[in-house]
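Student: Before I ask anything, here is the structure I am working with.
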2 protein chains.
Amino acid sequence: METENYHMTPEQFRIEGKKVIDWIADYYENIENYPVLSQVKPGEIIEKLPLSPPQSGESLDQMMEDIDKIIMPGITHWQSPNFYAFFPSNASFPSILGDLVSSGLGVQGMIWATSPAATELETRVLDWLAGMMEMPEKFRSTSTGGGVIQDTASTSALTAVIAARERATNFESNKKGVQQKLVAYISTQTHSSLEKAIKMAGIGTENLRLIDVDDKFAMRPELLEWQIQQDKKAGLKPFFICGALGTTSSNAMDPLGKIGEIAKAENCWFHIDAAMSGTAMICPEFRHLMKGVESADSFTFNPHKWMFTNFDCDVFWIANRNELINTFSILPEYLKNKATESGAVFDYRDWHVQLGRRFRALKLWFVIRHYGVKGLQFHIRKHVQLAAEFANWISASSDFELFVQPPLNLVCFRLKAADELNLKLMNECNNTGKIYFTHTKLNNLIVLRFSIGQTNTEKEHLEMAWKLICQKAHEILN
Amino acid sequence: METENYHMTPEQFRIEGKKVIDWIADYYENIENYPVLSQVKPGEIIEKLPLSPPQSGESLDQMMEDIDKIIMPGITHWQSPNFYAFFPSNASFPSILGDLVSSGLGVQGMIWATSPAATELETRVLDWLAGMMEMPEKFRSTSTGGGVIQDTASTSALTAVIAARERATNFESNKKGVQQKLVAYISTQTHSSLEKAIKMAGIGTENLRLIDVDDKFAMRPELLEWQIQQDKKAGLKPFFICGALGTTSSNAMDPLGKIGEIAKAENCWFHIDAAMSGTAMICPEFRHLMKGVESADSFTFNPHKWMFTNFDCDVFWIANRNELINTFSILPEYLKNKATESGAVFDYRDWHVQLGRRFRALKLWFVIRHYGVKGLQFHIRKHVQLAAEFANWISASSDFELFVQPPLNLVCFRLKAADELNLKLMNECNNTGKIYFTHTKLNNLIVLRFSIGQTNTEKEHLEMAWKLICQKAHEILN
C-alpha cells in the first residue's frame with residue numbers, strides 16, 4: 001500500500017490481482033475437498049470478525065488469509081459439482097472474467113449516454129439470446145419489444161406485475177394509487193416471488209388467486225378460466241396471469257398455450273417465469289415446453305441459474321416496450337441529454353425498478369462467445385441426460401420412488417418411508433459435507449429434490465451421490 | 001478452449017485471468033487518453049456487433065480484442081479523474097479484487113444457510129460502517145435494527161416506502177391492497193427515485209406532496225407541517241417522509257432534525273436518502289449534517305458513489321428490523337431449514353425486494369480494510385477541499401457565479417449568461433473529451449454541476465478543467 005495517498009497503484013494491482021486469480025483457480029481445483037454445505041453454527045463466523053474496523057490500512061495478503069481462515073468455513077459451495085440444492089447458480093471462468101472487466105471499467109449504464117456500449121451490447125446480446133431460443137419476433141429490440149438484464153426473476157416479476165397494473169388501469173394507478181379491484185392469477189406451485197410482487201405492488205394477497213394443479217403439478221387451465229369468470233361476476237378486474245416454465249418445487253410445466261389463450265381473451269397480462277428452465281430453450285428438442293410464449297407479454301429466465309453466468313444475471317423480455325417505459329419512466333432535469341431527447345436510444349433505467357445499473361451484458365457476452373451455441377447446448381443436454389439416469393436409478397430401487405418424471409434436470413423423489421425419515425436422510429447426507437440437496441412439499445408429502453445443473457457435475461459425481469444416499473437410506477431403514 | 005467439454009480449465013483461467021488483470025491495470029494507466037464522455041452516435045456500437053451469436057466457441061483473446069475495438073469507443077469513463085458528471089460512481093482496486101473473489105466463489109446468499117459467511121460478514125461490516133459514521137445504536141444488528149446491502153438507493157427507497165405503507169396499515173395492505181388514503185412527503189428537490197417508489201408501491205403520485213424549499217434548496221419544515229395538517233383535515237393519512245442528506249441537483253441538506261420531530265409527532269416513517277453524501281459522515285466534522293438521524297426509521301447511502309466501492313453497493317439501515325421482515329418475509333417449503341426455524345440467524349432475502357443475492361460484503365470489507373478509516377477520511381476530506389477551491393475560483397471569476405455554497409463536494413455554478421449559453425458551454429467542454437460534467441435546473445435556471453469525487457481526481461485535474469471551462473466561456477461570450 002502506497003502510504004502517500006492510500007490508493008493501490010496499478011502496479012500493485014497487477015501483483016495482487018494475479019494472486020487473486022491464482023487463488024480462484026486453486027479454489028476450483030480443490031473445491032471438492034470442502035464440505036458442500038457449510039457446517040458452521042449461527043454466530044460462528046461473526047465471532048471471529050473484529051468488532052471494529054481498522055484505523056490504518058491492511059494488506060491484501062492479510063485479507064486473503066482471513067478469507068481462508070474465517071470466511072471459507074462459512075461458505076456453502078454453490079460451485080461444487082456436488083451441489084444439488086435449490087436451483088443451481090452455476091458460474092464459469094469466462095463469466096468471471098467478463099464480470100471482472102465490468103468491475104474494472106466501473107461504468108454505470110443508467111442511460112445510454114453514460115456508456116453507449118453498455119446499452120447497445122446488452123440490446124444485441126439479448127437479441128442473440130432471443131434468437132438462440134427462437135423467441136417470437138415481438139420480443140426483439142428490432143420489433144416492438146426487447147430484452148433487459150435485471151438482477152433476479154423476483155425483480156422481473158415485480159416489474160411485470162407493475163407494468164400489468166398500469167396497462168389495466170390506463171396508467172392511472174401510478175397517479176391515483178391502486179383503486180380498482182384488480183385480481184392476479186398464479187398456480188399453487190408458482191414461485192413465492194410472485195406473491196411478494198403482488199404485495200409490493202399494492203395489489204394484496206387477497207386479490208391473488210392460487211389455481212389448483214393437475215397430477216403433474218401444472219396449472220389447470222379450466223380452473224383458471226372458471227375463477228376468472230367468478231371474479232368478473234363479483235365485479236373484480238382480472239389483470240395478470242403468471243405461467244411457470246418449470247416450477248421451483250417440481251419443475252412442473254404449466255400449459256402455456258392454453259393459459260395464453262385465456263390471457264388474450266380476458267385481456268390479462270401474461271408473464272412467463274422460466275427462471276431455471278428457460279436455459280433449456282436453446283435446445284430445439286425442449287422448445288415444445290415453451291409453446292404459448294407467442295401470447296406472452298413478458299418472459300423471464302436466469303442465465304445465472306443454469307447458463308454458466310455468475311450471479312446476478314436475469315433476462316427479462318417484453319413484447320411491447322412502450323408499456324414498460326410508460327410505467328417506469330422518469331426524467332428529472334439532471335438526467336436530460338440530447339440522446340434521450342432524440343428518441344433514438346434505449347435508456348434502460350426506464351425498463352426496471354432501479355436507476356443505476358452495472359455493465360452485466362459483458363459476462364453474458366463472454367459466456368455465449370466462449371461456449372458458442374453448440375457448447376451451451378452440449379452442457380444442457382448433458383445435465384438433462386444425467387437427470388434421466390438418476391431418475392432411472394431411483395425407479396429401479398426398492399427403497400425409493402420417483403415422485404414425478406423429470407421434464408428436464410430436476411429429480412423429485414422420496415424414500416418409501418415417513419416424512420421425518422426423508423428429512424433425516426437428507427440431513428444426514430448433507431451433514432457428511434459430501435453432497436448438498438434440499439426438499440420441498442408436494443401433495444402434502446416431503447419430497448427430496450435433486451437439481452442437476454452445476455457447471456462441473458459429471459456422472460461420477462452423481463454416482464457418488466447415489467451411493468451415499470443409498471447407504472444412508474439403508475442405515476435409516478434398518 | 002478445451003474441445004472435449006467446452007469449459008475453460010483452471011489452468012487456462014490462470015493464464016487468461018492474468019491477462020485481464022493486466023488489461024485493467026493498463027486501462028487505468030491510460031485512462032486519461034480516452035475521451036471521458038463517449039463520442040459515438042446512437043447505433044454506432046451495435047452496428048459493429050454480429051447479428052447472430054457464434055455457433056462454436058471463440059477465444060478470450062478475440063473477445064478482449066473486440067473490447068478494445070468495439071466496446072471501448074462506446075464507454076463513458078466513470079473512473080477517469082476528469083469525470084465530474086452526475087454523482088461519482090468511484091471504484092478502487094481493492095474493491096475490484098473483493099468483487100472478483102465474490103465472482104469466483106459464486107455463492108448466492110439468499111438465506112443464512114446458503115452461505116453463513118456471506119450473511120455474517122455483511123452484518124458485521126455494516127455494523128462497522130454504522131460505527132464509523134456514529135449512527136445511532138438502534139441501527140446496529142446488536143440492537144433492534146441492522147444494515148443490509150441493496151443494489152441502489154432507488155431500491156432502498158422502494159423498500160422503505162413499502163415497509164412504511166405496511167406499518168401504517170397494520171400490515172393490511174399486503175393482504176388487501178392499498179385501500180387507505182396514504183400520503184407521502186418529499187421536497188421539490190428530492191431524487192426522482194422517490195416518486196418512482198411511490199408509483200411502484202401503489203400509492204400514486206397524486207398522494208405525493210412536493211414540499212417547497214428555502215433559498216438553499218432545503219425542505220421548509222413549516223410547510224411540511226402545514227401540508228400534513230391540511231391532509232389530515234381532508235381525511236388523508238400521512239405515512240412517509242423522506243429527508244435528503246444532500247439532494248441530487250445541488251446537494252442541499254434538508255433540516256433532518258426538524259423533519260424528524262414532525263415525523264415522530266405525526267407517526268410517519270422517516271427515511272433519509274444520503275445516497276452520495278452519506279460517505280462524508282465517516283468524518284466527524286461533517287456529522288452535524290446528519291443531526292436528526294436519531295429520529296429516522298431508515299437511512300440509505302451508496303458506498304458505490306463516493307466510497308471507492310465499485311457498483312453496485314448501496315447500504316440500507318433499518319431502526320426496527322421486524323417491521324422490514326414482517327413486510328417482506330416469505331417462507332415457501334423449499335426454502336425452509338433448521339437455521340431459519342431456530343430464529344438465530346438473519347435471512348437477508350426478507351430484508352428486500354429480491355430473493356437471490358450476491359456476496360457484495362466482500363468488496364466493502366476489502367475497501368474498509370485496505371484504506372482503513374483514516375485513509376477513507378483522507379480522501380473524503382481531499383475531495384471536499386478540492387470542491388472548496390473550485391468554488392473559490394468561480395467566485396473570483398467575473399464570468400461565473402457560484403450558485404450555492406457547496407456543503408461538501410458538489411459545486412453548482414453558472415456562466416453569467418442565458419441558459420442556452422450555459423448548455424452550449426457544457427456541451428462544448430464535454431465534446432472535447434477532456435472532461436465530463438452535467439447540468440440541472442434550479443429556480444428555473446440551467447445550472448452547471450461539478451461533482452468532485454472520482455477516486456483519482458487531483459488538483460491538477462481540476463486546474464485543467466477550470467482552464468478549459470474558462471477558455472470555452474471566453475469563446476462563447478465573445
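Identifiers in this document derive from the order of the C-alpha cells: chains are assigned A, B, ..., residues are numbered from 1 separately in each chain, and ligands are numbered from 1 in order of occurrence.
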Need to verify the contact set: Lys18 (chain B), 8 Å, only C-alpha atoms, exclusion of same-chain residues closer than 3 positions in sequence. Can you return it as an MDAnalysis selection string?

Tutor: (chainID A and resid 17:18 21) or (chainID B and resid 14:15 21:22)

Student: Report the residues of region 191-230 of chain A whose backbone DSSP state falls under strand (DSSP E or B), written as a list in words.

Tutor: Leu208, Arg209, Leu210, Ile211, Val213 and Met219 of chain A

Student: Keeping only N, CA and C atoms, write the selected residues as a compact mmCIF listing (two decimals), in the first residue's frame.

Tutor:
```
# COMPACT_ATOMS: atom_id res chain seq x y z
N LEU A 208 -55.05 -12.28 -5.01
CA LEU A 208 -54.20 -13.21 -5.75
C LEU A 208 -54.86 -14.58 -5.66
N ARG A 209 -55.15 -15.16 -6.80
CA ARG A 209 -55.81 -16.47 -6.82
C ARG A 209 -54.76 -17.55 -7.09
N LEU A 210 -54.76 -18.57 -6.24
CA LEU A 210 -53.85 -19.70 -6.45
C LEU A 210 -54.65 -20.83 -7.11
N ILE A 211 -54.43 -21.00 -8.40
CA ILE A 211 -55.19 -22.00 -9.16
C ILE A 211 -54.61 -23.38 -8.89
N VAL A 213 -53.61 -27.40 -9.30
CA VAL A 213 -52.79 -28.04 -10.32
C VAL A 213 -53.22 -29.47 -10.59
N MET A 219 -50.60 -26.01 -13.72
CA MET A 219 -51.85 -25.27 -13.56
C MET A 219 -52.96 -25.88 -14.41
```

Student: For a quick check of understanding, using only C-alpha atoms, which of A:Glu323, A:Glu266, A:Glu137, A:Asp151 has the smallest distance to chain B?

Tutor: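 Among the listed residues, the smallest separation from chain B belongs to A:Asp151.
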
Student: With a distance cut-off of 12 Å and only C-alpha atoms, select the neighbouring residues of Lys258 (chain A), excluding the residue or stretch itself and same-chain residues fewer than 6 positions from it, and output the selection as a ChimeraX atom specification.

Tutor: /A:218-225,241,243,264-265,270,290-296

Student: May I have the residues from that selection written out with N, CA and C atoms, as a PDB file, in the first residue's frame?

Tutor:
```pdb
ATOM      1  N   ALA A 218     -49.017 -29.043 -12.680  1.00  0.00           N
ATOM      2  CA  ALA A 218     -49.156 -27.956 -13.647  1.00  0.00           C
ATOM      3  C   ALA A 218     -50.532 -27.307 -13.483  1.00  0.00           C
ATOM      4  N   MET A 219     -50.602 -26.011 -13.719  1.00  0.00           N
ATOM      5  CA  MET A 219     -51.848 -25.273 -13.557  1.00  0.00           C
ATOM      6  C   MET A 219     -52.960 -25.878 -14.409  1.00  0.00           C
ATOM      7  N   ARG A 220     -54.167 -25.962 -13.854  1.00  0.00           N
ATOM      8  CA  ARG A 220     -55.310 -26.484 -14.605  1.00  0.00           C
ATOM      9  C   ARG A 220     -56.028 -25.312 -15.261  1.00  0.00           C
ATOM     10  N   PRO A 221     -55.907 -25.196 -16.570  1.00  0.00           N
ATOM     11  CA  PRO A 221     -56.445 -24.002 -17.236  1.00  0.00           C
ATOM     12  C   PRO A 221     -57.955 -23.857 -17.107  1.00  0.00           C
ATOM     13  N   GLU A 222     -58.672 -24.981 -17.006  1.00  0.00           N
ATOM     14  CA  GLU A 222     -60.133 -24.857 -16.883  1.00  0.00           C
ATOM     15  C   GLU A 222     -60.511 -24.237 -15.536  1.00  0.00           C
ATOM     16  N   LEU A 223     -59.684 -24.472 -14.525  1.00  0.00           N
ATOM     17  CA  LEU A 223     -59.945 -23.834 -13.229  1.00  0.00           C
ATOM     18  C   LEU A 223     -59.583 -22.354 -13.269  1.00  0.00           C
ATOM     19  N   LEU A 224     -58.545 -22.039 -14.031  1.00  0.00           N
ATOM     20  CA  LEU A 224     -58.181 -20.628 -14.225  1.00  0.00           C
ATOM     21  C   LEU A 224     -59.343 -19.891 -14.882  1.00  0.00           C
ATOM     22  N   GLU A 225     -59.854 -20.488 -15.951  1.00  0.00           N
ATOM     23  CA  GLU A 225     -60.970 -19.888 -16.682  1.00  0.00           C
ATOM     24  C   GLU A 225     -62.183 -19.699 -15.769  1.00  0.00           C
ATOM     25  N   ILE A 241     -51.715 -12.811 -15.240  1.00  0.00           N
ATOM     26  CA  ILE A 241     -51.568 -14.261 -15.066  1.00  0.00           C
ATOM     27  C   ILE A 241     -50.091 -14.602 -15.225  1.00  0.00           C
ATOM     28  N   GLY A 243     -47.573 -17.796 -15.788  1.00  0.00           N
ATOM     29  CA  GLY A 243     -47.396 -19.220 -16.077  1.00  0.00           C
ATOM     30  C   GLY A 243     -45.947 -19.599 -15.831  1.00  0.00           C
ATOM     31  N   LYS A 264     -55.244 -13.795 -23.404  1.00  0.00           N
ATOM     32  CA  LYS A 264     -55.629 -12.953 -24.551  1.00  0.00           C
ATOM     33  C   LYS A 264     -57.115 -12.619 -24.492  1.00  0.00           C
ATOM     34  N   ALA A 265     -57.915 -13.669 -24.307  1.00  0.00           N
ATOM     35  CA  ALA A 265     -59.376 -13.479 -24.322  1.00  0.00           C
ATOM     36  C   ALA A 265     -59.833 -12.558 -23.203  1.00  0.00           C
ATOM     37  N   PHE A 270     -49.818 -11.532 -19.581  1.00  0.00           N
ATOM     38  CA  PHE A 270     -49.351 -12.905 -19.424  1.00  0.00           C
ATOM     39  C   PHE A 270     -47.827 -12.897 -19.268  1.00  0.00           C
ATOM     40  N   MET A 290     -42.258 -24.497 -24.382  1.00  0.00           N
ATOM     41  CA  MET A 290     -42.446 -23.054 -24.403  1.00  0.00           C
ATOM     42  C   MET A 290     -43.652 -22.652 -25.260  1.00  0.00           C
ATOM     43  N   LYS A 291     -44.307 -23.636 -25.853  1.00  0.00           N
ATOM     44  CA  LYS A 291     -45.428 -23.315 -26.729  1.00  0.00           C
ATOM     45  C   LYS A 291     -46.459 -22.469 -25.964  1.00  0.00           C
ATOM     46  N   GLY A 292     -46.817 -21.354 -26.521  1.00  0.00           N
ATOM     47  CA  GLY A 292     -47.694 -20.414 -25.823  1.00  0.00           C
ATOM     48  C   GLY A 292     -46.976 -19.094 -25.582  1.00  0.00           C
ATOM     49  N   VAL A 293     -45.658 -19.121 -25.726  1.00  0.00           N
ATOM     50  CA  VAL A 293     -44.881 -17.899 -25.491  1.00  0.00           C
ATOM     51  C   VAL A 293     -45.300 -16.794 -26.459  1.00  0.00           C
ATOM     52  N   GLU A 294     -45.884 -17.188 -27.602  1.00  0.00           N
ATOM     53  CA  GLU A 294     -46.311 -16.185 -28.578  1.00  0.00           C
ATOM     54  C   GLU A 294     -47.434 -15.301 -28.029  1.00  0.00           C
ATOM     55  N   SER A 295     -48.112 -15.774 -26.967  1.00  0.00           N
ATOM     56  CA  SER A 295     -49.160 -14.946 -26.344  1.00  0.00           C
ATOM     57  C   SER A 295     -48.642 -14.125 -25.180  1.00  0.00           C
ATOM     58  N   ALA A 296     -47.385 -14.328 -24.819  1.00  0.00           N
ATOM     59  CA  ALA A 296     -46.890 -13.692 -23.592  1.00  0.00           C
ATOM     60  C   ALA A 296     -46.609 -12.208 -23.781  1.00  0.00           C
TER      61      ALA A 296
END
```

Student: DSSP says helix (DSSP H, G or I) for which residues of region 19-68 of chain B? Put them as number ranges by chain?

Tutor: B: 19-33, 46-48, 60-68

Student: In terms of the shortest atom-to-atom distance over only C-alpha atoms, which of B:Gly246, B:Gly372, B:Gly145, B:Pro284 is closest to chain A?

Tutor: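 Between B:Gly246, B:Gly372, B:Gly145, B:Pro284, the residue approaching chain A most closely is B:Gly372.
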
Student: Need to verify the contact set: Glu463 (chain B), 10 Å, only C-alpha atoms, exclusion of same-chain residues closer than 5 positions in sequence. Can you return it as a PDB file with C-alpha atoms, in the first residue's frame?

Tutor:
```pdb
ATOM      1  CA  GLU B 389     -11.023  25.545  -4.087  1.00  0.00           C
ATOM      2  CA  PHE B 390     -13.030  25.139  -7.266  1.00  0.00           C
ATOM      3  CA  TRP B 393     -12.111  30.071  -8.468  1.00  0.00           C
ATOM      4  CA  GLU B 458      -6.247  15.563  -8.003  1.00  0.00           C
ATOM      5  CA  LEU B 468     -10.801  24.566 -20.289  1.00  0.00           C
ATOM      6  CA  ILE B 469     -14.097  25.914 -18.947  1.00  0.00           C
TER       7      ILE B 469
END
```

Student: Tell me which protein, DNA and RNA residues are within 12 Å of Asn5 (chain A), counting only C-alpha atoms, leaving out same-chain ones fewer than 3 positions away, and put them as a ChimeraX atom specification.

Tutor: /A:1-2,8-9,57 /B:370-372,374-380,382,455-458

Student: Write out as JSON, numbers by chain each polymer residue whose atoms come within 8 Å of Leu362 (chain A), counting only C-alpha atoms; drop sequence neighbours fewer than 6 positions from it.

Tutor: {"A": [98, 99, 101, 102, 121, 122]}

Student: Could you save the residues just selected, with N, CA and C atoms, as a CSV table (one decimal), in the first residue's frame?

Tutor:
```csv
chain,number,residue,atom,x,y,z
A,98,GLY,N,-15.6,-11.9,-17.6
A,98,GLY,CA,-16.4,-10.8,-18.2
A,98,GLY,C,-16.9,-9.9,-17.0
A,99,ASP,N,-17.2,-10.5,-15.9
A,99,ASP,CA,-17.6,-9.7,-14.7
A,99,ASP,C,-16.4,-8.9,-14.2
A,101,VAL,N,-14.0,-7.6,-16.1
A,101,VAL,CA,-13.8,-6.5,-17.0
A,101,VAL,C,-14.9,-5.4,-16.6
A,102,SER,N,-16.1,-5.9,-16.3
A,102,SER,CA,-17.1,-4.9,-15.9
A,102,SER,C,-16.7,-4.2,-14.6
A,121,LEU,N,-24.6,-3.2,-26.3
A,121,LEU,CA,-24.2,-4.6,-26.2
A,121,LEU,C,-25.3,-5.4,-25.6
A,122,GLU,N,-25.9,-4.8,-24.5
A,122,GLU,CA,-27.0,-5.5,-23.9
A,122,GLU,C,-28.1,-5.8,-24.8
```

Student: For Arg358 (chain B), work out the shell of residues within 7 Å, counting only C-alpha atoms and skipping chain neighbours fewer than 5 positions away, then give it as a ChimeraX atom specification.

Tutor: /A:311-312 /B:107-109

Student: Convert the current residue selection to file output with C-alpha atoms, as a PDB file, in the first residue's frame.

Tutor:
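The result, stored in out.pdb:
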```pdb
ATOM      1  CA  PHE A 311     -24.936 -14.237 -10.272  1.00  0.00           C
ATOM      2  CA  ASP A 312     -26.582 -11.812 -10.888  1.00  0.00           C
TER       3      ASP A 312
ATOM      4  CA  VAL B 107     -22.288 -18.044  -3.702  1.00  0.00           C
ATOM      5  CA  GLN B 108     -25.914 -16.979  -3.647  1.00  0.00           C
ATOM      6  CA  GLY B 109     -26.610 -15.801  -0.117  1.00  0.00           C
TER       7      GLY B 109
END
```

Student: So, with only C-alpha atoms as the atoms that count, which of A:Gln189, A:Ser342, A:Asn310, A:Ser143 lies closest to chain B?

Tutor: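 Using only C-alpha atoms, chain B sits closest to A:Asn310.
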
Student: Calculated over only C-alpha atoms, which of the candidates A:Gly147, A:Tyr436, A:Phe87, A:Leu408 has the smallest distance to Arg287 (chain A)?

Tutor: A:Leu408

Student: Using only C-alpha atoms, which of A:Glu261, A:Asp347, A:Asp215, A:Asp61 sits nearest Ser115 (chain A)?

Tutor: A:Asp347

Student: Work out how far apart CA of Trp269 (chain B) and CA of Val315 (chain B) are and give it in Å to one decimal.

Tutor: 18.1 Å

Student: Go through A:Gln471, A:Thr327, A:Asp26, A:Tyr334 and flag the residue nearest Lys175 (chain A), using only C-alpha atoms for the distances.

Tutor: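 Between A:Gln471, A:Thr327, A:Asp26, A:Tyr334, the residue approaching Lys175 (chain A) most closely is A:Thr327.
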